[in-house]
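Below you'll find the structure, written out as structure tokens, and then a few comments.
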Amino acid sequence: MDLILIAGFLGSGKTTLITNTISKISERTGKKIAVIVNDFGNIGIDGKVMEKYGLKVKELPSGCICCTLGPIFLDTVRTISDNLHPDLIVVEPSGIADPDAILATMEHYRGPPLGFIKVVILIDTVRFPILIQAMKKPLMLQLRVADIVLMSKADEVDAARLEEVERYVRALVGDKPVIPISSTNEHNLDVFVDRLMGA
Amino acid sequence: MITEDFAAYAARVRVRFAAPTAPEKIQGMLESFMSGTAMDCLEAGTRLIGHIKSVVDNNDQIIACSVTDHDGKVRCQGHFEAPQTQVDVIINVLQYSLAKKEMVRVVDACSKRSFTGTVSIIIEDLEIGEKDLIRLG
């Protein structure tokens, strides 16, 4: 069983990405996929939306799996593994989660052996200037553990903004894949799935 | 957690209309509610809009809306096809440097301003605790 973490700041497009790519991953690889969603608020909105799009979702609302909900997250992964036997678990942490802390939590996982764990980080290209001003350190914390970086909402910005974001990201992640995407018009989602699943 | 001075507020806004209301009118009111909430949070002093998101789930039909930008732009998925007499809007407001009581005030004011032709608007606080501001780190 593999695990993919789809992380990124609040509102960066994680839920929309997942709803628009899970079926592509499933169709391409034949993998059985389960989704864990962690909303910070008491009511899990993201999980409701995903379920409406036909996904099987386990919600962990009211807390953050990178800290307070860490043990519950581990139990959830174990329970899903035991009961559903998925080939792949996709995790959407809350937008304020530290993905590095989630990876540290996974070191305590004692279930069936895991294959790969990959971290995908979304960067909101529309809000990049304000985020880099107000949230520089948190963004760096997220990017430093990325295996793939997605520049989201690429259809809403111009080429100069995309270049600016990519320059910033490249300085932190080196030659790891940095892909401009738009989940709403599906731009580059196939490229993302290919890179993610190693095609 | 990657940040401090973060606050969250979740509420259910139960809107009952005086008469069946056209789907496009409800969509407009919903977008006005979401955009107004964002702009009022900014006016109240939020440092950064984290994410304001909502879902309206009426049987098989769903509208999910989201605001992240400081211009209050609303992005929605889904729509209603038939007129509705009641909608339950679940809203999640995630902000930086804004006390919960301010978010409560903003959601209350914006719901009354945005939803028209109603017989009642009831707001239920869905947060368990009474934390005004969640301080971490």
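Here, A, B, ... name the chains of the structure tokens in the order displayed, residue numbers run from 1 inside each chain, and ligands are numbered from 1 in the same displayed order.
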Once DSSP has gone over the backbone, tell me which residues of chain B are in alpha helix (DSSP H), as a PyMOL selection string. chain B and resi 23-44+100-114
Dump as a short mmCIF file (atom, residue, chain, number, x, y, z; two decimals), in the first residue's frame, selection limited to N, CA and C atoms:
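As written to disk, result.cif reads:
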```
data_model
loop_
_atom_site.label_atom_id
_atom_site.label_comp_id
_atom_site.auth_asym_id
_atom_site.auth_seq_id
_atom_site.Cartn_x
_atom_site.Cartn_y
_atom_site.Cartn_z
N PRO B 23 -33.40 28.75 -8.38
CA PRO B 23 -32.03 28.32 -8.10
C PRO B 23 -30.99 29.38 -8.37
N GLU B 24 -31.16 30.12 -9.49
CA GLU B 24 -30.13 31.13 -9.81
C GLU B 24 -30.14 32.27 -8.79
N LYS B 25 -31.32 32.53 -8.21
CA LYS B 25 -31.39 33.57 -7.19
C LYS B 25 -30.70 33.10 -5.90
N ILE B 26 -30.92 31.85 -5.57
CA ILE B 26 -30.24 31.29 -4.39
C ILE B 26 -28.73 31.30 -4.59
N GLN B 27 -28.30 30.92 -5.80
CA GLN B 27 -26.86 30.92 -6.11
C GLN B 27 -26.28 32.32 -5.93
N GLY B 28 -27.02 33.31 -6.42
CA GLY B 28 -26.56 34.70 -6.29
C GLY B 28 -26.46 35.14 -4.84
N MET B 29 -27.46 34.76 -4.05
CA MET B 29 -27.45 35.13 -2.63
C MET B 29 -26.29 34.44 -1.90
N LEU B 30 -26.07 33.19 -2.28
CA LEU B 30 -24.99 32.42 -1.66
C LEU B 30 -23.63 33.06 -1.98
N GLU B 31 -23.45 33.44 -3.23
CA GLU B 31 -22.18 34.06 -3.61
C GLU B 31 -22.01 35.41 -2.92
N SER B 32 -23.11 36.14 -2.79
CA SER B 32 -23.06 37.42 -2.09
C SER B 32 -22.68 37.22 -0.62
N PHE B 33 -23.24 36.19 -0.01
CA PHE B 33 -22.96 35.85 1.38
C PHE B 33 -21.47 35.52 1.56
N MET B 34 -20.95 34.72 0.65
CA MET B 34 -19.55 34.31 0.77
C MET B 34 -18.59 35.47 0.54
N SER B 35 -18.87 36.21 -0.51
CA SER B 35 -18.02 37.35 -0.84
C SER B 35 -18.09 38.41 0.27
N GLY B 36 -19.32 38.67 0.75
CA GLY B 36 -19.49 39.65 1.82
C GLY B 36 -18.77 39.24 3.09
N THR B 37 -18.81 37.96 3.40
CA THR B 37 -18.11 37.47 4.60
C THR B 37 -16.61 37.74 4.48
N ALA B 38 -16.07 37.47 3.30
CA ALA B 38 -14.63 37.70 3.09
C ALA B 38 -14.29 39.18 3.23
N MET B 39 -15.07 40.02 2.57
CA MET B 39 -14.75 41.45 2.58
C MET B 39 -14.93 42.03 3.98
N ASP B 40 -15.95 41.57 4.70
CA ASP B 40 -16.17 42.08 6.06
C ASP B 40 -15.08 41.60 7.03
N CYS B 41 -14.57 40.39 6.80
CA CYS B 41 -13.46 39.91 7.63
C CYS B 41 -12.23 40.79 7.41
N LEU B 42 -12.00 41.15 6.15
CA LEU B 42 -10.86 42.03 5.85
C LEU B 42 -11.05 43.40 6.52
N GLU B 43 -12.27 43.91 6.44
CA GLU B 43 -12.55 45.21 7.05
C GLU B 43 -12.40 45.14 8.57
N ALA B 44 -12.70 43.96 9.13
CA ALA B 44 -12.60 43.79 10.58
C ALA B 44 -11.15 43.61 11.03
N LYS B 100 -12.64 34.92 17.10
CA LYS B 100 -13.83 34.19 16.68
C LYS B 100 -15.08 35.05 16.80
N LYS B 101 -15.16 35.85 17.85
CA LYS B 101 -16.39 36.65 18.04
C LYS B 101 -16.59 37.62 16.87
N GLU B 102 -15.50 38.05 16.26
CA GLU B 102 -15.62 38.92 15.08
C GLU B 102 -16.17 38.13 13.89
N MET B 103 -15.71 36.90 13.75
CA MET B 103 -16.20 36.07 12.64
C MET B 103 -17.68 35.73 12.83
N VAL B 104 -18.07 35.51 14.09
CA VAL B 104 -19.48 35.25 14.40
C VAL B 104 -20.32 36.46 13.98
N ARG B 105 -19.83 37.64 14.33
CA ARG B 105 -20.55 38.87 14.01
C ARG B 105 -20.66 39.05 12.49
N VAL B 106 -19.56 38.79 11.79
CA VAL B 106 -19.54 38.97 10.34
C VAL B 106 -20.51 38.01 9.65
N VAL B 107 -20.48 36.75 10.05
CA VAL B 107 -21.37 35.76 9.42
C VAL B 107 -22.83 36.11 9.68
N ASP B 108 -23.11 36.54 10.89
CA ASP B 108 -24.48 36.93 11.24
C ASP B 108 -24.95 38.10 10.37
N ALA B 109 -24.12 39.13 10.29
CA ALA B 109 -24.50 40.33 9.53
C ALA B 109 -24.63 40.03 8.04
N CYS B 110 -23.69 39.25 7.51
CA CYS B 110 -23.70 38.97 6.06
C CYS B 110 -24.86 38.08 5.66
N SER B 111 -25.21 37.14 6.53
CA SER B 111 -26.33 36.26 6.18
C SER B 111 -27.62 37.08 6.10
N LYS B 112 -27.81 37.98 7.05
CA LYS B 112 -29.03 38.80 7.04
C LYS B 112 -29.06 39.75 5.84
N ARG B 113 -27.89 40.20 5.45
CA ARG B 113 -27.80 41.13 4.32
C ARG B 113 -27.98 40.42 2.98
N SER B 114 -27.49 39.19 2.90
CA SER B 114 -27.42 38.51 1.60
C SER B 114 -28.67 37.72 1.25
#
```
Please determine the contact residues of chain A with respect to chain B at a cut-off of 9 Å, counting only C-alpha atoms, and supply them as an mmCIF file with C-alpha atoms, in the first residue's frame.
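Final file, out06.cif:
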```cif
data_model
loop_
_atom_site.group_PDB
_atom_site.id
_atom_site.type_symbol
_atom_site.label_atom_id
_atom_site.label_comp_id
_atom_site.auth_asym_id
_atom_site.auth_seq_id
_atom_site.Cartn_x
_atom_site.Cartn_y
_atom_site.Cartn_z
ATOM 1 C CA PHE A 9 -1.854 26.226 2.129
ATOM 2 C CA LEU A 10 -5.545 26.881 2.836
ATOM 3 C CA GLY A 11 -7.467 27.335 -0.389
ATOM 4 C CA SER A 12 -4.650 26.210 -2.660
ATOM 5 C CA PHE A 40 -9.573 22.002 10.550
ATOM 6 C CA GLY A 41 -13.134 23.088 11.310
ATOM 7 C CA ASN A 42 -15.602 20.956 13.219
ATOM 8 C CA ILE A 43 -17.570 20.262 10.086
ATOM 9 C CA GLY A 44 -15.735 18.547 7.278
ATOM 10 C CA ILE A 45 -16.821 20.334 4.126
ATOM 11 C CA ASP A 46 -14.148 18.901 1.840
ATOM 12 C CA LYS A 48 -18.806 16.065 1.794
ATOM 13 C CA VAL A 49 -17.810 17.527 -1.557
ATOM 14 C CA LYS A 52 -20.698 13.891 -3.837
ATOM 15 C CA SER A 62 -11.793 19.285 14.139
ATOM 16 C CA CYS A 64 -4.847 18.744 12.593
ATOM 17 C CA ILE A 65 -3.289 15.383 11.783
ATOM 18 C CA CYS A 66 0.179 16.877 12.018
ATOM 19 C CA CYS A 67 -0.228 17.362 15.781
ATOM 20 C CA GLY A 95 -4.179 23.730 4.904
ATOM 21 C CA ILE A 96 -2.319 24.651 8.057
ATOM 22 C CA ALA A 97 -0.683 21.257 8.490
ATOM 23 C CA ASP A 98 3.056 20.758 8.485
ATOM 24 C CA PRO A 99 3.611 17.839 6.072
ATOM 25 C CA ALA A 101 5.247 16.481 10.950
ATOM 26 C CA VAL A 126 -3.094 33.660 -7.679
ATOM 27 C CA ARG A 127 -2.280 34.484 -4.059
ATOM 28 C CA ILE A 130 0.454 37.867 -0.535
ATOM 29 C CA LEU A 131 1.323 34.400 0.719
ATOM 30 C CA ALA A 134 2.563 36.828 5.051
ATOM 31 C CA MET A 135 3.445 33.136 5.132
ATOM 32 C CA LYS A 137 8.283 30.470 6.542
ATOM 33 C CA PRO A 138 5.226 28.170 6.488
ATOM 34 C CA LEU A 139 5.484 27.933 2.711
ATOM 35 C CA LEU A 141 8.292 24.356 5.561
ATOM 36 C CA GLN A 142 5.817 22.814 3.170
#
```
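Relative to CA of Val57 (chain A), CA of Arg14 (chain B) is found at 25.7 Å.
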Can you list, as a ChimeraX atom specification, every protein, DNA or RNA residue that comes within 9 Å of Ile4 (chain A) when you count only C-alpha atoms, leaving out same-chain residues fewer than 4 positions away? /A:88-92,116-120,196
Suppose we keep N, CA and C atoms; can you now write the selection as a PDB file, in the first residue's frame?
```pdb
ATOM      1  N   LEU A  88      -3.698   2.236  -2.492  1.00  0.00           N
ATOM      2  CA  LEU A  88      -3.194   3.600  -2.334  1.00  0.00           C
ATOM      3  C   LEU A  88      -4.114   4.386  -1.400  1.00  0.00           C
ATOM      4  N   ILE A  89      -3.499   5.094  -0.456  1.00  0.00           N
ATOM      5  CA  ILE A  89      -4.279   6.026   0.369  1.00  0.00           C
ATOM      6  C   ILE A  89      -3.825   7.436   0.014  1.00  0.00           C
ATOM      7  N   VAL A  90      -4.793   8.279  -0.334  1.00  0.00           N
ATOM      8  CA  VAL A  90      -4.511   9.690  -0.600  1.00  0.00           C
ATOM      9  C   VAL A  90      -4.964  10.481   0.623  1.00  0.00           C
ATOM     10  N   VAL A  91      -4.063  11.291   1.155  1.00  0.00           N
ATOM     11  CA  VAL A  91      -4.362  12.063   2.364  1.00  0.00           C
ATOM     12  C   VAL A  91      -4.386  13.540   2.028  1.00  0.00           C
ATOM     13  N   GLU A  92      -5.491  14.204   2.381  1.00  0.00           N
ATOM     14  CA  GLU A  92      -5.544  15.657   2.265  1.00  0.00           C
ATOM     15  C   GLU A  92      -5.525  16.245   3.671  1.00  0.00           C
ATOM     16  N   PHE A 116       5.606   3.308  -1.222  1.00  0.00           N
ATOM     17  CA  PHE A 116       6.160   4.664  -1.186  1.00  0.00           C
ATOM     18  C   PHE A 116       5.244   5.625  -0.427  1.00  0.00           C
ATOM     19  N   ILE A 117       5.855   6.674   0.094  1.00  0.00           N
ATOM     20  CA  ILE A 117       5.100   7.832   0.590  1.00  0.00           C
ATOM     21  C   ILE A 117       5.578   9.018  -0.230  1.00  0.00           C
ATOM     22  N   LYS A 118       4.661   9.676  -0.929  1.00  0.00           N
ATOM     23  CA  LYS A 118       5.036  10.846  -1.729  1.00  0.00           C
ATOM     24  C   LYS A 118       4.298  12.074  -1.217  1.00  0.00           C
ATOM     25  N   VAL A 119       4.968  13.198  -1.287  1.00  0.00           N
ATOM     26  CA  VAL A 119       4.367  14.457  -0.840  1.00  0.00           C
ATOM     27  C   VAL A 119       4.209  15.385  -2.041  1.00  0.00           C
ATOM     28  N   VAL A 120       2.962  15.783  -2.273  1.00  0.00           N
ATOM     29  CA  VAL A 120       2.649  16.750  -3.332  1.00  0.00           C
ATOM     30  C   VAL A 120       2.266  18.056  -2.648  1.00  0.00           C
ATOM     31  N   LEU A 196       3.379  11.475 -10.901  1.00  0.00           N
ATOM     32  CA  LEU A 196       3.070  10.948  -9.571  1.00  0.00           C
ATOM     33  C   LEU A 196       3.188   9.436  -9.524  1.00  0.00           C
TER      34      LEU A 196
END
```
